[in-house]
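Worksheet for the structure shown next.
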Amino acid sequence: MSEGRRPKIGVVTFPGSLDDRDALRAVRLMGGEGVGLWHADRDLRGVDAVILPGGFSYGDYLRCGAIARFAPIMDEVRGFAEAGGAVVGICNGFQILCEAGLLPGALIRNRQLRFVCRWVDVRVETSVSPLSADLVAGEILRVPVKHGEGQFVASAGDLDRIERDGLVVFRYCSPEGAIDEPHNPNGASNAVAGLRNEAGNVVGLMPHPEHAVDPDVGATGGQPMFASLLSSTLARVSTA
Amino acid sequence: MSASEPLHRQLGLTDDELGSIRSTLGRDPNRNELAMYAVMWSEHCSYKSSMVHLRGLPTEGRSVLVGPGQDAGAVDVGDGIAVVFKLESHSHPSAVEPYQGAATGVGGIVRDVISMGARPVALLDPLRFGPLDEERNRWLFEGVVAGIGGYGNCIGVPTVGGEVQFAAAHTANPTVNVMCVGVAPAERLVTSDREVHEGSLLVLFGAATGRDGIGGVSVLASNTLEDGAEERRPSVQIGDPFAEKLLIEASLELVDRDLLEGLQDLGGAGITCAVSESASRAGLGAELDLDAVPLREPGLEAFEILTSESQERMLAIVHPDRLGDVRAVCERWGLSIAVIGRLVKGGGLRATLGGAAVADVPARSLADEGPVYTRPMAAPAEVEDAIADDPTFATVTTPPDEAFLAVLGSPNVASKRWVWEQYDSIVQGGTVMPPGADAALVRIEGTLKALALSTDGKGRFGALDPYLGAAHAVAEAARNVACAGATPLAITNCLNFGNPERPEVMWQFAQSVRGIADACRVFETPVTGGNVSFYNESGSSAIWPTPVIGMLGLIEDHRLAVRGAFTGNGSWIYVLGETFAELGGSEFAEVVLGSLAGRPPALDLERERRLHRLLIGAARSDLLESAHDCAEGGIAIALAESAIAGGVGFAVTLPGDQPGHVGLFSESASRVVVSVAPECATELEDAAAKAGVPFTRLGETGGPGVVFDGLFETTVAEIAAAYEDAIPKLLAG
């Protein structure tokens, strides 16, 4: 990373967010500056990118992410995304982005109807996204998933458009990169693990890269994702 | 119980207990007071049958900061860090309503830890069910696991371990225990030493109070379950993990900012328990305004407000000057808060509702002056017969490879992945060794230290010899922690038994407590607290006497932790410890011979301790590539699990002086299978000799094969499939 300014990455804490501290720790560990953001504020505190972390915002009552999208800070996040700022939704954050209409599709109960916490492999499908900017399609990264409602679904029309426009960023795969049922932990359509918007600045994913940056506690497939986030953010703010 | 019974008996109080309430008050108690005594003097809250025995447990040690008697014990792990931990039962509610019973068990133990001012960092769940071939047992098992996940996954505390066992004795009464571990700066612990002032406010925050869990501790937890137990569902509380998560954050912020004089969770016996204990501890009384308690629905009666076990509530003791700050913190987290009373001079606990006095009793009499019973004890006659019928020398016709697959695929031994994949084991980012290992390892943030955690119970051994079963449970828990390279520091326990009014059960209890005490003295692991769960029986069938031990160990540098997986080809495999012909109460005897009899393996506590020291020293000098405890299924299973975990095969030769099945499946205590690089072998042998631990080199790791020389051969892939598929297959029906 270039000298001087470290990218400021904001992490929103909603009531019921669980992986917010972990996301802040991962940002720090990877060389960024983590900035805590509060759901009730209308202030992004000058951050260069925003992470909506994992957890059960508002208890995930009603529907995952359905209440969080009405939080005051989400107006700011929406404006920030529309202006081209990088927004990353992890797990519950992905669900919130779909509920907010910033990403297509929805996340429903896992096909096996049970919560699943497991290390999986994902295949990078495109380098167009804040989390994959430094990566090459075909790369395989090991990251954990932990969710009860992570099965990605979309209407046939949306799914066609998602594939046609290359919006899938990560797909569940075998350790060798094959897309098959045994390696799909939740029954997601087209093995979608992560998705971007058309503009390429908003990305959501069910796996938890923030839990895959520290070799002491597991594999490190999250490192290149965070490295991409930091370097692409820095590139954007230094040219802005 | 029938409606024609006098009220005190309906509430679970005996005639004698009513007598002592009368003499304390100098009058008849009113209905509300009776309800308060019924919950506080229940077995669950008062420990009235167990207290005389629990006094024999060692509770003091260099590192103990808080011993038994508070919400949870606490241990000093150096660098000014305190670790708070406790194990508790939620078996009775889970038997009636498995999802909510287990979920609220998690919630309750987490609040015990936060009430000490510690951030919860790990959960472990030791569970016991009846066999999975019965549909109701599958319903209980699936419901309990879903409830633990449904609650634990929502509050941001990783579930890192536990155990799951199956036995017919747990068919009517599953055993659901939950352990929570928390970390706090030692100087910030909220202990009973804190100065509490007359005039300080009793502040209730969190969820509103409703009609759920009325009499949970008395009607439900202090009684056997008979037919129609489903009718007791109103006594089971309903959990809201979202509220609990907010409660965790708000409570810790209040403690961090030093805004509190005291903090107490509301669990069993609700407001009555939290207020009477807080007041009694401070040597004060309390005035309680029940009109101020936020209610979920209007019209609750005084006794309902006083004893409701509605979840996700905490009671803070707050100096009036701090009330504004406390209110601001709670409101920021979206929690309701209410001043429900104040501490006053004298020892009386007076409650009013609608302006009228509804109760006036001495706080101490509720919290600390409950009855204490020395109940009669008698050794059950059938135990002698069972011991005499030892399967160790039975004729075995099953070929060793078939026996091996049967034991490996037995639900007690088989992989519990189906269970722990439903738990978030990684949130908070400190899980160095996740579920599936001998001990879970959780890093303490900002240090190299890690906590090694294990929960263990030895049901079959305990059924045959409760003293030995209990001592084995402590030994195995300590061994599991030592296998990781950690030093055992202290234990908590959950003592799961039948009806203490039966002399046989009381005898089992006394024997078990003695076994725990003796083992803990030798291992220097004091008991910092725990929980007693009696009345785990239905009709005439009680659960096995099952003390479950929650062991806390510490490793100074988690990078030196030893795992239970073979790491590669060409390592030398040793067994540390000695194998004797001991199949009494073994997994092999039950699965292959259909025998639940015999004498459990002998246990030499000093020998066990030497093994722990050897393992801890070997880890410190980075000598071992793997270490795995020999427990259910003996050496054969310890080798198999090391191979499956590492994806690396092995070839071994068992010592030839014993029949094949004995060498494979004996469950002799104090043994560990380790692997070392060949160039480290001499150093290990020297260390073992110096430590006084016998050792035998068994063979080598490597390749895809699993070879027991002269007995049978198979492959890692084949045994891994048998190990992983067993429980999912049973659940598929």
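In the structure tokens, the first chain shown is A, the next is B, and so on; residue numbers restart at 1 for each chain, and ligands run from 1 in the order shown.
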Long-range neighbours of range 171-179 of chain A as a VMD selection string, 7 Å cut-off, only C-alpha atoms, 3 positions minimum in chain: chain A and resid 121 to 124 140 183 to 184 191 to 194
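Around Gln95 in chain A, within 9 Å and counting only C-alpha atoms, the residues found are A:Cys64, A:Gly65, A:Ala66, A:Gly89, A:Ala106, A:Leu107, A:Glu149, A:Gly150, A:Gly204, A:Leu205, A:Met206, once anything fewer than 6 positions away on its own chain is removed.
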Export N, CA and C atoms of the chosen residues as a tab-separated table (two decimals), in the first residue's frame?
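As written to disk, part-v1.tsv reads:
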```tsv
chain	number	residue	atom	x	y	z
A	64	CYS	N	-34.82	-11.31	7.82
A	64	CYS	CA	-33.43	-10.86	7.98
A	64	CYS	C	-33.20	-9.55	7.25
A	65	GLY	N	-32.72	-8.56	7.97
A	65	GLY	CA	-32.34	-7.30	7.34
A	65	GLY	C	-33.50	-6.37	7.05
A	66	ALA	N	-34.74	-6.84	7.27
A	66	ALA	CA	-35.91	-6.07	6.86
A	66	ALA	C	-36.09	-4.80	7.68
A	89	GLY	N	-21.43	-5.74	2.20
A	89	GLY	CA	-22.35	-6.37	3.15
A	89	GLY	C	-21.93	-7.80	3.40
A	106	ALA	N	-32.68	-12.27	-3.00
A	106	ALA	CA	-33.00	-12.36	-1.58
A	106	ALA	C	-32.30	-13.57	-0.99
A	107	LEU	N	-32.24	-13.60	0.33
A	107	LEU	CA	-31.61	-14.72	1.03
A	107	LEU	C	-32.66	-15.37	1.92
A	149	GLU	N	-29.92	-18.39	7.18
A	149	GLU	CA	-30.69	-17.92	6.03
A	149	GLU	C	-29.74	-17.34	4.99
A	150	GLY	N	-29.08	-18.23	4.28
A	150	GLY	CA	-28.06	-17.78	3.33
A	150	GLY	C	-28.26	-18.31	1.94
A	204	GLY	N	-22.14	-7.85	-1.78
A	204	GLY	CA	-22.62	-8.57	-0.61
A	204	GLY	C	-22.19	-10.02	-0.71
A	205	LEU	N	-21.89	-10.63	0.44
A	205	LEU	CA	-21.52	-12.04	0.41
A	205	LEU	C	-21.92	-12.71	1.72
A	206	MET	N	-22.28	-14.00	1.64
A	206	MET	CA	-22.61	-14.73	2.86
A	206	MET	C	-21.37	-15.16	3.64
```
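By chain and then residue number, the residues within 12 Å of Met30 in chain A are Met1, Arg6, Pro7, Lys8, Ile9, Ala23, Leu24, Pro209, Glu210, Ala212, Val213, Asp214, Thr220, Gly222, Gln223, Pro224, Met225, Phe226, Ala227, Ser228, Leu229, Leu230 and Ser231 of chain A, counting only C-alpha atoms and disregarding those fewer than 6 positions away in sequence.
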From A:Arg25, A:Arg45, A:Arg142, A:Arg109, residue lying nearest chain B [only C-alpha atoms]: A:Arg25
Long-range neighbours of range 273-283 of chain B as a PyMOL selection string, 10 Å cut-off, only C-alpha atoms, 6 positions minimum in chain: chain B and resi 36-37+39-40+45+70+192-198+202+262-267+306-307+314-317+341-349+361-368
For those residues, write C-alpha atoms to a file as an mmCIF file, in the first residue's frame.
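Now in part.cif:
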```
data_model
loop_
_atom_site.group_PDB
_atom_site.id
_atom_site.type_symbol
_atom_site.label_atom_id
_atom_site.label_comp_id
_atom_site.auth_asym_id
_atom_site.auth_seq_id
_atom_site.Cartn_x
_atom_site.Cartn_y
_atom_site.Cartn_z
ATOM 1 C CA MET B 36 -41.490 -16.286 47.578
ATOM 2 C CA TYR B 37 -40.380 -18.908 50.110
ATOM 3 C CA VAL B 39 -39.099 -20.526 45.037
ATOM 4 C CA MET B 40 -36.208 -19.488 47.269
ATOM 5 C CA CYS B 45 -32.245 -22.260 44.634
ATOM 6 C CA GLN B 70 -21.829 -15.882 43.698
ATOM 7 C CA SER B 192 -19.995 -9.050 46.539
ATOM 8 C CA ASP B 193 -17.082 -7.110 48.076
ATOM 9 C CA ARG B 194 -18.336 -3.952 46.393
ATOM 10 C CA GLU B 195 -19.607 -1.324 48.759
ATOM 11 C CA VAL B 196 -23.384 -1.092 48.596
ATOM 12 C CA HIS B 197 -25.134 1.834 50.254
ATOM 13 C CA GLU B 198 -28.338 2.228 52.136
ATOM 14 C CA LEU B 202 -32.834 -1.195 42.735
ATOM 15 C CA GLY B 262 -23.964 -4.262 42.191
ATOM 16 C CA LEU B 263 -25.318 -6.293 39.301
ATOM 17 C CA GLN B 264 -27.418 -9.401 39.471
ATOM 18 C CA ASP B 265 -29.114 -11.451 36.822
ATOM 19 C CA LEU B 266 -32.733 -12.462 37.075
ATOM 20 C CA GLY B 267 -33.116 -16.123 36.510
ATOM 21 C CA LEU B 306 -42.355 -11.447 42.464
ATOM 22 C CA THR B 307 -41.561 -14.901 41.082
ATOM 23 C CA MET B 314 -30.971 -7.642 35.072
ATOM 24 C CA LEU B 315 -31.063 -5.902 38.420
ATOM 25 C CA ALA B 316 -28.525 -3.155 39.077
ATOM 26 C CA ILE B 317 -27.834 -1.487 42.368
ATOM 27 C CA GLY B 341 -37.162 -0.011 44.900
ATOM 28 C CA ARG B 342 -34.315 0.906 47.195
ATOM 29 C CA LEU B 343 -32.095 -0.673 49.803
ATOM 30 C CA VAL B 344 -33.075 0.275 53.333
ATOM 31 C CA LYS B 345 -31.856 -0.193 56.891
ATOM 32 C CA GLY B 346 -32.973 -3.269 58.724
ATOM 33 C CA GLY B 347 -33.273 -6.604 57.035
ATOM 34 C CA GLY B 348 -36.869 -6.528 55.850
ATOM 35 C CA LEU B 349 -37.952 -7.061 52.287
ATOM 36 C CA VAL B 361 -40.291 -10.871 55.204
ATOM 37 C CA PRO B 362 -36.638 -10.843 56.308
ATOM 38 C CA ALA B 363 -34.456 -10.853 53.161
ATOM 39 C CA ARG B 364 -31.928 -13.127 54.822
ATOM 40 C CA SER B 365 -34.548 -15.732 55.592
ATOM 41 C CA LEU B 366 -35.215 -16.070 51.877
ATOM 42 C CA ALA B 367 -31.659 -15.957 50.590
ATOM 43 C CA ASP B 368 -29.537 -17.565 53.269
#
```
Write out as JSON lines a residue-level contact list of chain B versus chain A with cut-off 7 Å: for each qualifying residue the closest pair of atoms and the distance in Å to one decimal, counting only C-alpha atoms, rows sorted by chain and residue number upward.
```
{"residue": "B:Cys154", "atom": "CA", "partner": "A:Phe56", "partner_atom": "CA", "distance": 6.0}
{"residue": "B:Ile155", "atom": "CA", "partner": "A:Leu18", "partner_atom": "CA", "distance": 6.9}
{"residue": "B:Gly156", "atom": "CA", "partner": "A:Leu18", "partner_atom": "CA", "distance": 4.9}
{"residue": "B:Phe242", "atom": "CA", "partner": "A:Gly59", "partner_atom": "CA", "distance": 4.7}
{"residue": "B:Lys245", "atom": "CA", "partner": "A:Gly16", "partner_atom": "CA", "distance": 6.3}
{"residue": "B:Leu246", "atom": "CA", "partner": "A:Pro15", "partner_atom": "CA", "distance": 6.9}
{"residue": "B:Glu421", "atom": "CA", "partner": "A:Cys117", "partner_atom": "CA", "distance": 4.8}
{"residue": "B:Gln422", "atom": "CA", "partner": "A:Phe115", "partner_atom": "CA", "distance": 4.9}
{"residue": "B:Tyr423", "atom": "CA", "partner": "A:Cys117", "partner_atom": "CA", "distance": 6.3}
{"residue": "B:Asp424", "atom": "CA", "partner": "A:Cys117", "partner_atom": "CA", "distance": 5.7}
{"residue": "B:Val427", "atom": "CA", "partner": "A:Asp19", "partner_atom": "CA", "distance": 6.4}
{"residue": "B:Gln428", "atom": "CA", "partner": "A:Asp22", "partner_atom": "CA", "distance": 5.9}
{"residue": "B:Gly429", "atom": "CA", "partner": "A:His211", "partner_atom": "CA", "distance": 6.2}
{"residue": "B:Gly430", "atom": "CA", "partner": "A:Val217", "partner_atom": "CA", "distance": 6.7}
{"residue": "B:Thr431", "atom": "CA", "partner": "A:Val217", "partner_atom": "CA", "distance": 5.9}
{"residue": "B:Val432", "atom": "CA", "partner": "A:Val217", "partner_atom": "CA", "distance": 4.6}
```
Separation of CA of Arg559 in chain B from CA of Leu441 in chain B, in Å and rounded to one decimal: 10.8 Å
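Minimum atom-to-atom distance to Ala619 in chain B, evaluated using only C-alpha atoms, belongs to B:Asp557 out of B:Asp125, B:Asp557, B:Glu135, B:Glu718.
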In range 356-469 of chain B, DSSP strand (DSSP E) residues written as number ranges by chain: B: 356-362, 431-433, 440-443, 450-456
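Note that CA of Phe205 in chain B and CA of Leu300 in chain B are 18.4 Å apart.
For the pair CA of Ile214 in chain B and CA of Ser46 in chain B, the interatomic distance is 17.3 Å.
Compared by their closest atoms to Val202 in chain A, and using only C-alpha atoms, the residues A:Phe170, A:Gln112, A:Cys91, A:Ala81 rank with A:Ala81 nearest.
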Backbone-only DSSP, alpha helix (DSSP H) members of range 324-490 of chain B, as a PyMOL selection string: chain B and resi 324-332+363-367+382-388+400-408+417-420+459-464+466-483
Those residues with C-alpha atoms, as a short mmCIF file (atom, residue, chain, number, x, y, z; two decimals), in the first residue's frame please?
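Below you can see again.cif, which holds the result:
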```cif
data_model
loop_
_atom_site.label_atom_id
_atom_site.label_comp_id
_atom_site.auth_asym_id
_atom_site.auth_seq_id
_atom_site.Cartn_x
_atom_site.Cartn_y
_atom_site.Cartn_z
CA GLY B 324 -29.16 9.50 34.97
CA ASP B 325 -26.03 7.97 33.45
CA VAL B 326 -27.36 4.46 33.88
CA ARG B 327 -30.63 5.44 32.23
CA ALA B 328 -28.78 6.97 29.27
CA VAL B 329 -26.77 3.79 28.66
CA CYS B 330 -29.84 1.56 28.78
CA GLU B 331 -31.83 3.82 26.52
CA ARG B 332 -29.01 3.99 23.99
CA ALA B 363 -34.46 -10.85 53.16
CA ARG B 364 -31.93 -13.13 54.82
CA SER B 365 -34.55 -15.73 55.59
CA LEU B 366 -35.21 -16.07 51.88
CA ALA B 367 -31.66 -15.96 50.59
CA GLU B 382 -28.07 -53.87 42.19
CA VAL B 383 -24.68 -52.15 41.82
CA GLU B 384 -22.83 -55.05 43.47
CA ASP B 385 -24.36 -57.51 41.00
CA ALA B 386 -23.50 -55.30 38.05
CA ILE B 387 -19.89 -54.95 39.16
CA ALA B 388 -19.55 -58.70 39.61
CA PRO B 400 -11.94 -57.02 15.51
CA ASP B 401 -12.64 -55.05 12.31
CA GLU B 402 -16.40 -55.37 12.79
CA ALA B 403 -16.09 -54.42 16.44
CA PHE B 404 -13.97 -51.43 15.47
CA LEU B 405 -16.54 -50.08 13.00
CA ALA B 406 -19.35 -50.71 15.49
CA VAL B 407 -17.58 -48.72 18.21
CA LEU B 408 -16.48 -45.97 15.83
CA ARG B 417 -20.28 -32.50 13.39
CA TRP B 418 -24.05 -32.56 12.77
CA VAL B 419 -24.40 -30.83 16.15
CA TRP B 420 -21.58 -28.31 16.19
CA GLY B 459 -22.28 -41.74 32.77
CA ARG B 460 -21.62 -45.47 32.48
CA PHE B 461 -18.72 -45.40 34.92
CA GLY B 462 -20.83 -43.38 37.33
CA ALA B 463 -23.72 -45.80 37.11
CA LEU B 464 -21.39 -48.61 38.16
CA PRO B 466 -20.35 -43.07 41.31
CA TYR B 467 -17.17 -42.22 43.21
CA LEU B 468 -14.95 -43.51 40.42
CA GLY B 469 -17.17 -42.08 37.69
CA ALA B 470 -16.90 -38.61 39.17
CA ALA B 471 -13.13 -38.85 39.66
CA HIS B 472 -12.78 -40.11 36.07
CA ALA B 473 -14.78 -37.13 34.83
CA VAL B 474 -12.38 -34.71 36.52
CA ALA B 475 -9.36 -36.69 35.29
CA GLU B 476 -10.59 -36.78 31.71
CA ALA B 477 -11.43 -33.08 31.70
CA ALA B 478 -7.97 -32.24 33.04
CA ARG B 479 -6.35 -34.65 30.54
CA ASN B 480 -8.21 -33.06 27.65
CA VAL B 481 -6.92 -29.66 28.63
CA ALA B 482 -3.39 -31.00 29.16
CA CYS B 483 -3.44 -32.69 25.73
#
```
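Considering only C-alpha atoms, the residue among B:Glu60, B:Leu576, B:Arg609, B:Leu603 positioned nearest to Val674 in chain B is B:Leu576.
Closest approach to Pro241 in chain B from the set B:Arg313, B:Arg607, B:Arg211, B:Arg188 is made by B:Arg313, with distances taken over only C-alpha atoms.
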